[in-house]
Amino acid sequence: MRKIIIPVILSAFLLALGAGAVGARDDIKVERVSFEQGKSSAVIKSSITGYAVVDYVLGARQGQNMKLSMTTDNTASYFNILAPGEDQVALFNGSIYGNQYEGILPESGDYKVRVYMMRSAARRNEVANYTLNVSITGSATAAQTMGDAPATDAKVEGTPYHATGQVPCSLGDAPQDSAQCDFGVIRGKPGNAQVHLTPPGGFERVLIFAGEKVRSDADAQVKTEKSGDLWVIEVNDYEHYRIPEAVITGG
């Protein structure tokens with residue numbers, strides 16, 4: 001199965017528990033996750049019954065990489081990820097994308113990993129025994145290098161992005177610019193930005209711009225060419241994007 005890299009869901013955020021999932025409740029159990037000294041990961045083994053919901057809280061910094069996976073003996077149990085300060089809207093929905101996530105974090109703060117059961121199983125008071133593997137790696141160097149965006153560059157309400165929209169893209173041997181990919185951009189100092197893209201096919205890609213250099217998440221191979229105000233980018237000889245300079249600079 002192809003590994004799905006999902007740094008952050010882009011222009012349209014999903015409801016925290018998704019259609020058919022248990023809704024947000026006042027009695028959510030909250031547990032803070034701390035890694036042992038010298039380690040960057042933890043394994044959590046627990047269970048939920050019926051309408052029970054657990055929020056695992058993890059502190060992280062913008063630019064770090066978070067990786068999560070959950071195995072469970074109940075196929076109706078999932079996890080979602082909620083960004084710092086968010087209680088209702090998820091940046092990742094496991095009931096749609098499956099119980100695996102890996103991505104570069106768009107902001108610093110406490111992230112919630114919400115474990116829950118779909119409503120159809122919860123109403124039958126079913127039990128889910130699960131193992132949650134969590135890791136947060138990286139020193140947030142990329143975020144520090146980016147610096148801060150100008151104060152006038154406001155974020156799109158309800159998102160961590162300074163702008164959202166679509167750019168031309170294509171995959172594999174498909175005709176050039178045969179599709180439109182959703183994007184969200186987090187800008188730093190002039191010329192620096194993270195562009196979070198959603199190509200067709202159910203995965204996500206992050207491109208990190210630092211002046212005239214471009215790299216990607218997950219150690220992907222990136223080829224770039226700049227023609228005027230347009231970045232022409234190829235990732236892993238398979239993904240093709242055309243990103244206007246205005247996406248990076250806000251011009």
# chains A, B, ... in the order shown; residues from 1 in each chain; ligands from 1
>>> select_by_dssp(residues="region 23-249 of chain A", states="strand (DSSP E or B)", output="number ranges by chain")
A: 29-32, 41-49, 54-60, 65-72, 77-82, 89-90, 92-93, 100-104, 109-118, 127-137, 163-171, 179-187, 192-198, 205-210, 213-216, 222-227, 230-235, 239-244
>>> closest_atom_pairs(of="region 153-189 of chain A", to="region 69-85 of chain A", cutoff="12 Å", atoms="only C-alpha atoms", output="CSV")
residue,atom,partner,partner_atom,distance
A:Gly158,CA,A:Ala83,CA,10.5
A:Thr159,CA,A:Ala83,CA,9.4
A:Pro160,CA,A:Ala83,CA,8.9
>>> write_last_selection(atoms="C-alpha atoms", output="compact mmCIF listing (two decimals), in the first residue's frame")
# COMPACT_ATOMS: atom_id res chain seq x y z
CA GLY A 158 -10.24 29.42 10.90
CA THR A 159 -7.00 28.16 9.29
CA PRO A 160 -3.24 28.43 9.93
>>> closest_atom_pairs(of="region 26-112 of chain A", to="region 194-201 of chain A", cutoff="12 Å", atoms="only C-alpha atoms", output="Markdown table")
| residue | atom | partner | partner_atom | distance |
| --- | --- | --- | --- | --- |
| A:Gln62 | CA | A:Gln194 | CA | 10.8 |
| A:Gly63 | CA | A:Gln194 | CA | 9.2 |
| A:Tyr97 | CA | A:Gly201 | CA | 11.3 |
| A:Gly103 | CA | A:His196 | CA | 10.1 |
| A:Ile104 | CA | A:His196 | CA | 9.4 |
| A:Leu105 | CA | A:Gln194 | CA | 10.4 |
| A:Pro106 | CA | A:Gln194 | CA | 8.5 |
| A:Glu107 | CA | A:Gln194 | CA | 11.3 |
>>> closest_residue(among="A:Ile44, A:Leu58, A:Ile208, A:Ile96", to="Tyr111 (chain A)", atoms="only C-alpha atoms")
A:Leu58
>>> atom_distance(atom1="CA of Val235 (chain A)", atom2="CA of Val247 (chain A)")
18.3 Å
>>> residues_around(residues="Met117 (chain A)", least_positions_apart="3", cutoff="8 Å", atoms="only C-alpha atoms", output="number ranges by chain")
A: 21-22, 48, 50-53, 76-78, 121-122, 128
>>> residues_around(residues="region 174-184 of chain A", least_positions_apart="3", cutoff="10 Å", atoms="only C-alpha atoms", output="count of residues only")
37
>>> closest_residue(among="A:Glu86, A:Asp153, A:Glu36, A:Glu31", to="Tyr56 (chain A)", atoms="only C-alpha atoms")
A:Glu31
>>> residues_around(residues="Ser135 (chain A)", least_positions_apart="3", cutoff="8 Å", atoms="only C-alpha atoms", output="list in words")
Ser40, Ser41, Ala42, Met66, Lys67 and Leu68 of chain A
>>> select_by_dssp(residues="region 9-202 of chain A", states="alpha helix (DSSP H)", output="ChimeraX atom specification")
/A:94-97,119-122,141-146
>>> write_last_selection(atoms="C-alpha atoms", output="tab-separated table (two decimals), in the first residue's frame")
chain	number	residue	atom	x	y	z
A	94	GLY	CA	-9.08	9.34	10.56
A	95	SER	CA	-12.54	8.12	9.54
A	96	ILE	CA	-11.81	9.52	6.06
A	97	TYR	CA	-8.07	9.00	5.64
A	119	ARG	CA	-21.90	6.60	16.31
A	120	SER	CA	-23.26	3.34	14.91
A	121	ALA	CA	-20.85	1.38	17.13
A	122	ALA	CA	-21.08	3.74	20.09
A	141	THR	CA	14.75	24.58	12.45
A	142	ALA	CA	12.69	25.05	9.28
A	143	ALA	CA	10.16	27.17	11.15
A	144	GLN	CA	12.89	29.28	12.76
A	145	THR	CA	14.57	29.81	9.39
A	146	MET	CA	11.29	30.93	7.86
>>> closest_residue(among="A:Val134, A:Thr249, A:Lys189, A:Gly98", to="Phe35 (chain A)", atoms="only C-alpha atoms")
A:Val134
>>> closest_residue(among="A:Arg114, A:Lys223, A:Arg61, A:Lys29", to="Ala90 (chain A)", atoms="only C-alpha atoms")
A:Arg114
>>> residues_around(residues="Lys45 (chain A)", least_positions_apart="3", cutoff="8 Å", atoms="only C-alpha atoms", output="list in words")
Asn129, Tyr130, Thr131 and Leu132 of chain A
>>> write_last_selection(atoms="N, CA and C atoms", output="PDB file, in the first residue's frame")
ATOM      1  N   ASN A 129     -10.277  -1.791  21.761  1.00  0.00           N
ATOM      2  CA  ASN A 129      -8.945  -1.834  22.355  1.00  0.00           C
ATOM      3  C   ASN A 129      -7.966  -1.338  21.293  1.00  0.00           C
ATOM      4  N   TYR A 130      -7.117  -0.391  21.643  1.00  0.00           N
ATOM      5  CA  TYR A 130      -6.256   0.212  20.625  1.00  0.00           C
ATOM      6  C   TYR A 130      -4.847   0.448  21.154  1.00  0.00           C
ATOM      7  N   THR A 131      -3.926   0.550  20.197  1.00  0.00           N
ATOM      8  CA  THR A 131      -2.547   0.941  20.475  1.00  0.00           C
ATOM      9  C   THR A 131      -2.228   2.138  19.593  1.00  0.00           C
ATOM     10  N   LEU A 132      -1.831   3.225  20.225  1.00  0.00           N
ATOM     11  CA  LEU A 132      -1.535   4.469  19.515  1.00  0.00           C
ATOM     12  C   LEU A 132      -0.033   4.735  19.593  1.00  0.00           C
TER      13      LEU A 132
END
>>> closest_residue(among="A:Ser34, A:Asn192, A:Ser227, A:Thr137", to="Asp110 (chain A)", atoms="only C-alpha atoms")
A:Ser34
